[in-house]
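Source file: run.pdb; contents: PDB, C-alpha atoms.
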```pdb
MODEL        1
ATOM      1  CA  MET C  12     171.560  84.592  59.543
ATOM      2  CA  GLU C  13     169.452  86.173  62.295
ATOM      3  CA  HIS C  14     167.515  83.033  63.216
ATOM      4  CA  GLY C  15     170.156  80.526  62.180
ATOM      5  CA  TYR C  16     173.260  79.237  63.875
ATOM      6  CA  GLN C  17     176.315  77.216  63.013
ATOM      7  CA  ALA C  18     177.181  73.764  64.285
ATOM      8  CA  MET C  19     179.724  71.038  63.601
ATOM      9  CA  VAL C  20     177.948  67.861  62.510
ATOM     10  CA  ILE C  21     178.631  64.434  61.069
ATOM     11  CA  HIS C  22     176.660  63.166  58.070
ATOM     12  CA  ALA C  23     178.272  59.725  58.370
ATOM     13  CA  PHE C  24     180.495  57.925  60.862
ATOM     14  CA  GLY C  25     184.183  57.920  60.073
ATOM     15  CA  GLU C  26     187.509  59.703  60.489
ATOM     16  CA  PRO C  27     187.833  63.165  62.117
ATOM     17  CA  GLY C  28     187.321  64.802  58.731
ATOM     18  CA  VAL C  29     183.626  63.852  58.757
ATOM     19  CA  LEU C  30     183.007  66.743  61.170
ATOM     20  CA  LYS C  31     181.711  69.561  58.980
ATOM     21  CA  PRO C  32     180.203  73.016  59.650
ATOM     22  CA  VAL C  33     176.545  73.569  58.771
ATOM     23  CA  THR C  34     173.968  76.314  59.316
ATOM     24  CA  LEU C  35     170.809  75.264  61.146
ATOM     25  CA  SER C  36     167.554  76.974  62.079
ATOM     26  CA  ARG C  37     167.503  78.114  65.688
ATOM     27  CA  PRO C  38     165.079  75.891  67.645
ATOM     28  CA  LYS C  39     162.428  77.011  70.120
ATOM     29  CA  PRO C  40     162.575  75.481  73.596
ATOM     30  CA  GLY C  41     159.830  73.091  74.661
ATOM     31  CA  GLU C  42     157.875  73.443  77.889
ATOM     32  CA  HIS C  43     160.710  72.178  80.150
ATOM     33  CA  GLU C  44     163.604  73.245  77.898
ATOM     34  CA  LEU C  45     165.921  76.201  77.572
ATOM     35  CA  LEU C  46     167.717  77.595  74.539
ATOM     36  CA  ILE C  47     171.360  78.115  75.461
ATOM     37  CA  LYS C  48     173.979  80.206  73.684
ATOM     38  CA  VAL C  49     177.043  77.968  73.910
ATOM     39  CA  LEU C  50     180.067  79.844  75.259
ATOM     40  CA  SER C  51     182.205  76.709  75.420
ATOM     41  CA  THR C  52     181.961  72.970  75.080
ATOM     42  CA  ALA C  53     184.527  70.212  75.578
ATOM     43  CA  ILE C  54     185.584  67.003  73.882
ATOM     44  CA  ASN C  55     185.218  63.664  75.659
ATOM     45  CA  PRO C  56     186.255  60.161  74.579
ATOM     46  CA  ILE C  57     182.604  59.245  73.934
ATOM     47  CA  ASP C  58     182.485  61.975  71.266
ATOM     48  CA  VAL C  59     185.442  60.417  69.469
ATOM     49  CA  LYS C  60     183.928  56.922  69.662
ATOM     50  CA  THR C  61     180.510  58.124  68.480
ATOM     51  CA  ARG C  62     182.019  59.972  65.524
ATOM     52  CA  ALA C  63     183.804  56.759  64.543
ATOM     53  CA  GLY C  64     180.565  54.750  64.822
ATOM     54  CA  ILE C  65     181.568  52.916  68.016
ATOM     55  CA  GLY C  66     179.456  52.425  71.139
ATOM     56  CA  PHE C  67     175.910  52.811  72.403
ATOM     57  CA  ALA C  68     175.384  56.443  71.348
ATOM     58  CA  ALA C  69     176.470  55.670  67.786
ATOM     59  CA  GLU C  70     174.186  52.643  67.612
ATOM     60  CA  ARG C  71     171.190  54.641  68.858
ATOM     61  CA  ASN C  72     171.809  57.468  66.362
ATOM     62  CA  LYS C  73     172.886  55.596  63.222
ATOM     63  CA  HIS C  74     169.544  56.332  61.549
ATOM     64  CA  ARG C  75     169.385  59.931  62.820
ATOM     65  CA  LEU C  76     172.285  61.436  60.905
ATOM     66  CA  PRO C  77     173.318  64.182  60.404
ATOM     67  CA  MET C  78     173.928  64.941  64.053
ATOM     68  CA  SER C  79     176.029  67.213  66.204
ATOM     69  CA  LEU C  80     178.257  65.810  68.933
ATOM     70  CA  GLY C  81     179.066  66.993  72.451
ATOM     71  CA  TYR C  82     177.500  66.922  75.918
ATOM     72  CA  ASP C  83     179.520  69.451  77.919
ATOM     73  CA  LEU C  84     178.160  72.958  78.157
ATOM     74  CA  PHE C  85     178.956  76.354  79.569
ATOM     75  CA  GLY C  86     176.630  78.993  78.221
ATOM     76  CA  GLU C  87     173.995  81.699  78.595
ATOM     77  CA  VAL C  88     170.237  81.189  78.740
ATOM     78  CA  VAL C  89     168.609  82.839  75.714
ATOM     79  CA  ALA C  90     165.011  81.605  76.054
ATOM     80  CA  CYS C  91     163.002  79.459  78.477
ATOM     81  CA  GLY C  92     160.051  77.128  78.112
ATOM     82  CA  GLU C  93     156.879  77.947  80.020
ATOM     83  CA  ALA C  94     157.471  75.360  82.769
ATOM     84  CA  VAL C  95     161.058  76.404  83.572
ATOM     85  CA  LYS C  96     161.128  77.694  87.151
ATOM     86  CA  THR C  97     164.714  77.951  88.421
ATOM     87  CA  LEU C  98     166.525  79.668  85.544
ATOM     88  CA  LYS C  99     165.878  82.763  83.479
ATOM     89  CA  LYS C 100     167.111  84.563  80.377
ATOM     90  CA  GLY C 101     170.631  85.912  80.902
ATOM     91  CA  ASP C 102     171.687  83.317  83.496
ATOM     92  CA  LYS C 103     175.070  81.673  82.980
ATOM     93  CA  VAL C 104     174.848  77.892  83.291
ATOM     94  CA  MET C 105     176.920  74.716  83.026
ATOM     95  CA  GLY C 106     175.948  71.087  82.706
ATOM     96  CA  MET C 107     176.075  67.726  80.963
ATOM     97  CA  VAL C 108     173.369  67.937  78.308
ATOM     98  CA  GLY C 109     171.646  65.142  76.399
ATOM     99  CA  PHE C 110     173.782  62.296  77.707
ATOM    100  CA  ALA C 111     174.065  59.708  76.322
ATOM    101  CA  THR C 112     171.924  59.535  73.187
ATOM    102  CA  GLN C 113     171.131  63.174  72.375
ATOM    103  CA  PRO C 114     174.429  65.036  71.940
ATOM    104  CA  GLY C 115     174.499  68.489  70.385
ATOM    105  CA  THR C 116     176.767  71.018  72.123
ATOM    106  CA  TYR C 117     179.244  71.361  69.218
ATOM    107  CA  ALA C 118     177.211  74.382  68.179
ATOM    108  CA  GLN C 119     176.536  78.074  68.759
ATOM    109  CA  TYR C 120     173.170  77.216  70.336
ATOM    110  CA  CYS C 121     171.631  74.104  71.852
ATOM    111  CA  LEU C 122     168.570  72.992  73.760
ATOM    112  CA  ALA C 123     168.859  71.721  77.328
ATOM    113  CA  ARG C 124     166.498  70.618  80.058
ATOM    114  CA  GLU C 125     166.268  72.532  83.309
ATOM    115  CA  ASN C 126     167.380  69.528  85.396
ATOM    116  CA  GLU C 127     170.613  69.211  83.384
ATOM    117  CA  LEU C 128     171.930  72.658  84.320
ATOM    118  CA  ILE C 129     173.216  74.582  87.307
ATOM    119  CA  LYS C 130     173.507  78.338  87.515
ATOM    120  CA  VAL C 131     177.026  79.729  87.853
ATOM    121  CA  ASP C 132     178.369  83.105  88.918
ATOM    122  CA  ALA C 133     178.388  85.372  85.855
ATOM    123  CA  VAL C 134     181.120  87.493  87.438
ATOM    124  CA  ASN C 135     183.443  84.492  87.409
ATOM    125  CA  GLU C 136     182.449  83.015  84.052
ATOM    126  CA  ASP C 137     185.141  80.740  82.662
ATOM    127  CA  ALA C 138     185.189  78.726  79.441
ATOM    128  CA  VAL C 139     186.909  75.878  81.308
ATOM    129  CA  LEU C 140     183.669  75.153  83.210
ATOM    130  CA  SER C 141     182.350  73.045  80.337
ATOM    131  CA  GLY C 142     185.304  70.677  80.736
ATOM    132  CA  LEU C 143     184.378  69.924  84.340
ATOM    133  CA  CYS C 144     180.933  68.512  83.593
ATOM    134  CA  LEU C 145     181.052  64.997  82.115
ATOM    135  CA  ALA C 146     184.610  64.308  83.291
ATOM    136  CA  GLY C 147     184.019  65.693  86.784
ATOM    137  CA  LEU C 148     180.760  63.805  87.259
ATOM    138  CA  THR C 149     182.390  60.603  85.998
ATOM    139  CA  ALA C 150     185.208  60.986  88.531
ATOM    140  CA  PHE C 151     182.815  61.830  91.374
ATOM    141  CA  GLN C 152     180.461  58.922  90.657
ATOM    142  CA  ALA C 153     183.283  56.419  90.172
ATOM    143  CA  LEU C 154     184.706  57.360  93.571
ATOM    144  CA  SER C 155     181.256  56.950  95.119
ATOM    145  CA  ALA C 156     180.894  53.506  93.546
ATOM    146  CA  LEU C 157     184.320  52.486  94.872
ATOM    147  CA  ALA C 158     182.950  52.844  98.433
ATOM    148  CA  CYS C 159     186.417  52.995  99.929
ATOM    149  CA  PRO C 160     186.669  53.350 103.730
ATOM    150  CA  LYS C 161     188.462  56.534 104.790
ATOM    151  CA  SER C 162     191.012  54.339 106.575
ATOM    152  CA  GLN C 163     192.194  52.906 103.237
ATOM    153  CA  PRO C 164     194.071  54.607 100.380
ATOM    154  CA  ILE C 165     192.508  54.983  96.956
ATOM    155  CA  TYR C 166     194.728  53.854  94.077
ATOM    156  CA  ILE C 167     194.107  55.648  90.777
ATOM    157  CA  ASN C 168     195.730  54.852  87.448
ATOM    158  CA  GLY C 169     195.701  57.346  84.592
ATOM    159  CA  ALA C 170     195.958  60.308  86.961
ATOM    160  CA  ASN C 171     197.693  62.314  84.217
ATOM    161  CA  GLY C 172     194.482  62.507  82.197
ATOM    162  CA  THR C 173     191.360  64.586  82.732
ATOM    163  CA  VAL C 174     189.151  62.104  84.619
ATOM    164  CA  GLY C 175     192.053  60.646  86.599
ATOM    165  CA  SER C 176     193.406  64.018  87.675
ATOM    166  CA  LEU C 177     189.952  65.240  88.703
ATOM    167  CA  ALA C 178     189.320  61.978  90.588
ATOM    168  CA  ALA C 179     192.587  62.369  92.502
ATOM    169  CA  GLN C 180     191.768  65.951  93.475
ATOM    170  CA  ILE C 181     188.158  65.159  94.405
ATOM    171  CA  ALA C 182     189.236  62.163  96.499
ATOM    172  CA  ALA C 183     191.754  64.355  98.330
ATOM    173  CA  ARG C 184     189.044  66.958  98.987
ATOM    174  CA  MET C 185     186.920  64.153 100.479
ATOM    175  CA  GLY C 186     189.698  63.309 102.892
ATOM    176  CA  TYR C 187     191.186  60.221 101.258
ATOM    177  CA  GLN C 188     194.819  59.257 100.984
ATOM    178  CA  VAL C 189     195.404  59.113  97.228
ATOM    179  CA  VAL C 190     198.040  56.989  95.496
ATOM    180  CA  ALA C 191     198.506  57.733  91.802
ATOM    181  CA  ILE C 192     199.854  54.879  89.665
ATOM    182  CA  SER C 193     201.762  56.509  86.828
ATOM    183  CA  ARG C 194     204.819  55.999  84.681
ATOM    184  CA  SER C 195     205.290  59.717  83.999
ATOM    185  CA  GLU C 196     205.423  62.918  86.018
ATOM    186  CA  LEU C 197     202.101  63.951  87.533
ATOM    187  CA  PRO C 198     200.521  67.360  86.941
ATOM    188  CA  LYS C 199     201.180  69.746  89.832
ATOM    189  CA  SER C 200     197.493  69.666  90.823
ATOM    190  CA  VAL C 201     197.742  65.898  91.402
ATOM    191  CA  ALA C 202     201.302  65.775  92.741
ATOM    192  CA  SER C 203     200.296  68.186  95.494
ATOM    193  CA  CYS C 204     197.580  65.845  96.822
ATOM    194  CA  ALA C 205     198.741  62.327  95.925
ATOM    195  CA  GLN C 206     201.605  59.933  96.440
ATOM    196  CA  GLN C 207     203.012  58.509  93.202
ATOM    197  CA  ILE C 208     204.116  54.943  92.502
ATOM    198  CA  SER C 209     204.974  53.225  89.222
ATOM    199  CA  TYR C 210     203.005  50.385  87.659
ATOM    200  CA  ASP C 211     205.922  48.047  88.399
ATOM    201  CA  GLN C 212     205.779  49.021  92.077
ATOM    202  CA  PHE C 213     202.014  48.502  92.210
ATOM    203  CA  VAL C 214     202.061  44.993  90.723
ATOM    204  CA  ALA C 215     205.203  43.891  92.592
ATOM    205  CA  GLU C 216     203.065  42.684  95.494
ATOM    206  CA  GLN C 217     199.397  41.983  96.103
ATOM    207  CA  ARG C 218     197.437  43.964  98.659
ATOM    208  CA  LYS C 219     193.791  44.270  99.605
ATOM    209  CA  GLY C 220     193.078  47.615  97.985
ATOM    210  CA  TYR C 221     190.619  49.937  96.293
ATOM    211  CA  LEU C 222     191.484  50.739  92.681
ATOM    212  CA  LEU C 223     189.906  53.313  90.402
ATOM    213  CA  ASP C 224     190.785  52.123  86.903
ATOM    214  CA  VAL C 225     190.616  55.111  84.579
ATOM    215  CA  VAL C 226     192.688  53.575  81.772
ATOM    216  CA  GLY C 227     191.070  50.186  81.184
ATOM    217  CA  LEU C 228     192.215  47.778  78.456
ATOM    218  CA  GLU C 229     195.554  46.033  79.063
ATOM    219  CA  VAL C 230     196.682  48.616  81.623
ATOM    220  CA  GLY C 231     193.603  47.986  83.718
ATOM    221  CA  LYS C 232     194.063  44.220  83.493
ATOM    222  CA  ARG C 233     197.700  44.518  84.515
ATOM    223  CA  CYS C 234     196.781  46.538  87.594
ATOM    224  CA  LEU C 235     194.669  43.623  88.819
ATOM    225  CA  GLN C 236     197.961  41.827  89.521
ATOM    226  CA  GLY C 237     198.522  44.203  92.433
ATOM    227  CA  LEU C 238     195.267  43.271  94.170
ATOM    228  CA  SER C 239     194.470  40.354  96.443
ATOM    229  CA  ALA C 240     191.089  38.724  96.949
ATOM    230  CA  HIS C 241     188.379  40.889  98.562
ATOM    231  CA  SER C 242     189.769  44.033  96.936
ATOM    232  CA  ARG C 243     187.479  46.357  94.977
ATOM    233  CA  VAL C 244     187.807  47.897  91.500
ATOM    234  CA  VAL C 245     185.723  50.454  89.655
ATOM    235  CA  THR C 246     186.639  50.606  85.967
ATOM    236  CA  ILE C 247     185.577  53.526  83.790
ATOM    237  CA  PRO C 248     186.290  52.885  80.059
ATOM    238  CA  THR C 249     183.172  51.229  78.662
ATOM    239  CA  LEU C 250     184.848  49.233  75.891
ATOM    240  CA  SER C 251     186.842  47.093  78.333
ATOM    241  CA  GLN C 252     184.495  47.010  81.335
ATOM    242  CA  LYS C 253     183.162  43.471  80.816
ATOM    243  CA  GLU C 254     186.640  42.034  80.268
ATOM    244  CA  ILE C 255     188.157  43.699  83.342
ATOM    245  CA  ILE C 256     185.193  42.841  85.583
ATOM    246  CA  ALA C 257     185.418  39.185  84.510
ATOM    247  CA  ALA C 258     189.189  39.074  85.093
ATOM    248  CA  ALA C 259     188.786  40.699  88.515
ATOM    249  CA  ASN C 260     186.062  38.292  89.574
ATOM    250  CA  GLU C 261     188.254  35.327  88.635
ATOM    251  CA  GLN C 262     190.742  36.362  91.321
ATOM    252  CA  GLY C 263     188.105  37.152  93.944
ATOM    253  CA  VAL C 264     188.123  40.914  93.403
ATOM    254  CA  THR C 265     184.803  42.763  93.385
ATOM    255  CA  ALA C 266     184.497  44.947  90.297
ATOM    256  CA  CYS C 267     181.944  47.158  88.581
ATOM    257  CA  GLY C 268     181.753  49.746  85.841
ATOM    258  CA  VAL C 269     180.131  53.157  85.833
ATOM    259  CA  LEU C 270     178.031  55.067  83.332
ATOM    260  CA  VAL C 271     177.839  58.708  84.280
ATOM    261  CA  VAL C 272     174.428  60.286  84.939
ATOM    262  CA  LYS C 273     173.407  63.879  85.520
ATOM    263  CA  ASN C 274     173.575  64.924  89.176
ATOM    264  CA  ASN C 275     173.247  68.611  89.922
ATOM    265  CA  ALA C 276     174.173  68.276  93.599
ATOM    266  CA  GLN C 277     177.500  66.708  92.626
ATOM    267  CA  LEU C 278     178.040  69.225  89.834
ATOM    268  CA  LYS C 279     177.495  72.091  92.271
ATOM    269  CA  ARG C 280     180.171  70.663  94.580
ATOM    270  CA  ILE C 281     182.584  70.331  91.655
ATOM    271  CA  TYR C 282     181.865  73.920  90.626
ATOM    272  CA  GLN C 283     182.369  75.243  94.155
ATOM    273  CA  TRP C 284     185.655  73.353  94.574
ATOM    274  CA  TYR C 285     186.825  74.811  91.268
ATOM    275  CA  ARG C 286     185.750  78.336  92.286
ATOM    276  CA  GLN C 287     187.623  77.940  95.578
ATOM    277  CA  GLY C 288     190.813  76.884  93.794
ATOM    278  CA  HIS C 289     190.695  73.253  94.976
ATOM    279  CA  LEU C 290     190.326  71.763  91.486
ATOM    280  CA  GLU C 291     192.481  72.428  88.449
ATOM    281  CA  LEU C 292     191.971  71.210  84.904
ATOM    282  CA  ALA C 293     194.855  71.079  82.435
ATOM    283  CA  HIS C 294     193.343  72.312  79.179
ATOM    284  CA  CYS C 295     193.784  74.019  75.860
ATOM    285  CA  THR C 296     191.270  75.952  73.783
ATOM    286  CA  MET C 297     190.495  75.545  70.096
ATOM    287  CA  PRO C 298     187.843  77.059  67.833
ATOM    288  CA  LEU C 299     184.819  74.859  67.265
ATOM    289  CA  SER C 300     185.648  74.848  63.567
ATOM    290  CA  ALA C 301     188.797  72.856  64.469
ATOM    291  CA  ALA C 302     186.824  70.059  66.167
ATOM    292  CA  GLY C 303     188.055  67.527  63.597
ATOM    293  CA  MET C 304     191.670  68.454  64.268
ATOM    294  CA  ALA C 305     191.029  68.198  68.015
ATOM    295  CA  HIS C 306     189.535  64.720  67.579
ATOM    296  CA  GLN C 307     192.622  63.677  65.636
ATOM    297  CA  ARG C 308     194.889  64.885  68.435
ATOM    298  CA  LEU C 309     192.923  62.890  70.981
ATOM    299  CA  GLU C 310     193.046  59.734  68.874
ATOM    300  CA  GLN C 311     196.812  60.091  68.572
ATOM    301  CA  ASN C 312     196.967  60.549  72.362
ATOM    302  CA  SER C 313     199.321  63.469  71.791
ATOM    303  CA  SER C 314     197.998  65.509  74.706
ATOM    304  CA  LYS C 315     196.559  64.869  78.165
ATOM    305  CA  GLU C 316     194.948  68.297  78.207
ATOM    306  CA  LYS C 317     191.200  68.744  78.067
ATOM    307  CA  VAL C 318     190.243  70.330  74.752
ATOM    308  CA  ILE C 319     187.792  73.194  75.205
ATOM    309  CA  LEU C 320     185.995  74.248  72.033
ATOM    310  CA  LEU C 321     184.933  77.863  71.579
ATOM    311  CA  PRO C 322     182.059  78.421  69.131
ATOM    312  CA  TRP C 323     182.244  81.100  66.491
ATOM    313  CA  THR C 324     181.164  84.572  67.561
TER     314      THR C 324
ENDMDL
END
```
Would you mind giving the structure from this file in structure tokens?
Amino acid sequence: MEHGYQAMVIHAFGEPGVLKPVTLSRPKPGEHELLIKVLSTAINPIDVKTRAGIGFAAERNKHRLPMSLGYDLFGEVVACGEAVKTLKKGDKVMGMVGFATQPGTYAQYCLARENELIKVDAVNEDAVLSGLCLAGLTAFQALSALACPKSQPIYINGANGTVGSLAAQIAARMGYQVVAISRSELPKSVASCAQQISYDQFVAEQRKGYLLDVVGLEVGKRCLQGLSAHSRVVTIPTLSQKEIIAAANEQGVTACGVLVVKNNAQLKRIYQWYRQGHLELAHCTMPLSAAGMAHQRLEQNSSKEKVILLPWT
């Protein structure tokens, strides 16, 4: 359909099978908006939670179904609103769009605001760029919140996953000594820039330290055993933030959570590091029509790779 496009949407919260393809009318951008042809998007844990009806985004959208999911975007500008100044038709762009209550990148086209996007080099276009947006900004902002002195190492659990591996690489680029807490072999991109210790080694003794907790839940709580009073923790998973912050405070450890926000200056640094070969992202690609299958894989924790979704052509 010339003025229509396909998207994966949910008509109700539930299991991965609720993601269904639909045909929608192509929207026109508002004054400060752009219409983007989606070249790739990526799946994040918040997508899985929202689909299942869990969390803030699900609560805000429970009366707005059907809805598409997804915030990560790599694409091409198709049309611009009258007030758009920095981008034009044909530009390749990447960004975190609509976070956290207006997802919609599981589609062939989506609307985005100018301040959510950065222009990227069309000569070096790469579907993986979408996977760097939400995860990369989360890692960057969590490290900033940790406020670790350069004289101290940064401990990171979950460095085998997307956010953890990006955090380890970004911290190394910033000049930190990085210690990855992991029970399994690290990806080469992390092993090349971080020392590895096991969870048993980390909790065997208490030290004043700076911990980036990417895993949360019971793993995050266990890691607190390796910290003495006056240490600092930044915990990322939203579902366990209150519990881990409370447990940390009980033992005199300063703790906070993070909720990622758009930041084009940070996103540009992430993009440049990636272009220069300083950041790697373990990933696999799947067609957008297989989004339900990809969600199922993530829920089963069968892969640490970032899933990049490629819309139909």
Quiz item: C:Val95, C:Glu316, C:Phe110, C:Ala118: which is nearest Cys295 in chain C, counting all atoms listed in the file?
Solution: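 Smallest distance to Cys295 in chain C is found for C:Glu316.
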Practice problem: Could you please give me, as number ranges by chain, the residues of protein, DNA or RNA lying at most 8 Å from (156.1, 72.8, 81.1) in the coordinate frame of the file, considering all atoms listed in the file? | Solution: C: 41-43, 92-95
Resolved residues for the PyMOL selection byres ((chain C and resi 232-243) around 6) as a short mmCIF file (atom, residue, chain, number, x, y, z; two decimals) with C-alpha atoms, keeping the file's coordinate frame:
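Listed below is the output, result38.cif:
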```cif
data_model
loop_
_atom_site.label_atom_id
_atom_site.label_comp_id
_atom_site.auth_asym_id
_atom_site.auth_seq_id
_atom_site.Cartn_x
_atom_site.Cartn_y
_atom_site.Cartn_z
CA PHE C 213 202.01 48.50 92.21
CA VAL C 214 202.06 44.99 90.72
CA GLU C 216 203.06 42.68 95.49
CA GLN C 217 199.40 41.98 96.10
CA ARG C 218 197.44 43.96 98.66
CA LYS C 219 193.79 44.27 99.60
CA GLY C 220 193.08 47.62 97.98
CA TYR C 221 190.62 49.94 96.29
CA GLU C 229 195.55 46.03 79.06
CA VAL C 230 196.68 48.62 81.62
CA GLY C 231 193.60 47.99 83.72
CA VAL C 244 187.81 47.90 91.50
CA ILE C 255 188.16 43.70 83.34
CA GLY C 263 188.10 37.15 93.94
CA VAL C 264 188.12 40.91 93.40
CA THR C 265 184.80 42.76 93.38
CA ALA C 266 184.50 44.95 90.30
#
```
Practice problem: Have a look at C:Ile247, C:Ala63, C:Ala111, C:Val201 and name the one nearest to Leu292 in chain C; count all atoms listed in the file. | Solution: C:Val201
Exercise. Could you jot down the CA of Ile256 in chain C to CA of Val226 in chain C separation for me, Å, one decimal place?
Key: 13.6 Å
Quiz item: Skipping near chain neighbours, those fewer than 3 positions away, what residues fall within 6 Å of Val190 in chain C using all atoms listed in the file, listed as a list in words?
Solution: Tyr166, Ala205, Gln206 and Gln207 of chain C
Report, as lines of an AutoDock Vina configuration file, the centre and edge lengths in Å (one decimal) of the axis-aligned box enclosing every listed atom of range 139-143 of chain C, padded by 4 Å on each side.
```
center_x = 184.6
center_y = 72.9
center_z = 82.3
size_x = 12.6
size_y = 14.0
size_z = 12.0
```
Quiz prompt | Neighbour list for range 13-18 of chain C as a list in words, cut-off 9 Å, all atoms listed in the file, skip fewer than 3 positions in-chain | solution = Lys31, Pro32, Val33, Thr34, Leu35, Ser36, Arg37, Pro38, Ser79, Gly115, Thr116, Tyr117, Ala118, Gln119, Tyr120, Leu299, Ser300, Pro322 and Trp323 of chain C
Quiz item: Which residues fall under the PyMOL selection byres ((chain C and resi 136) around 12) in this file, as a ChimeraX atom specification?
Solution: /C:50-51,85-87,102-105,130-135,137-141,282,285-286
Around (204.7, 53.3, 78.7) in the file's own coordinates, what residues are found within 12 Å if you use all atoms listed in the file, given back as a CSV table (one decimal) with C-alpha atoms, in the coordinates of the input?
```csv
chain,number,residue,atom,x,y,z
C,169,GLY,CA,195.7,57.3,84.6
C,193,SER,CA,201.8,56.5,86.8
C,194,ARG,CA,204.8,56.0,84.7
C,195,SER,CA,205.3,59.7,84.0
C,209,SER,CA,205.0,53.2,89.2
C,210,TYR,CA,203.0,50.4,87.7
C,211,ASP,CA,205.9,48.0,88.4
C,229,GLU,CA,195.6,46.0,79.1
C,230,VAL,CA,196.7,48.6,81.6
```
Quiz item: Quick one, how far is CA of His306 in chain C from CA of Pro56 in chain C?
Solution: 9.0 Å
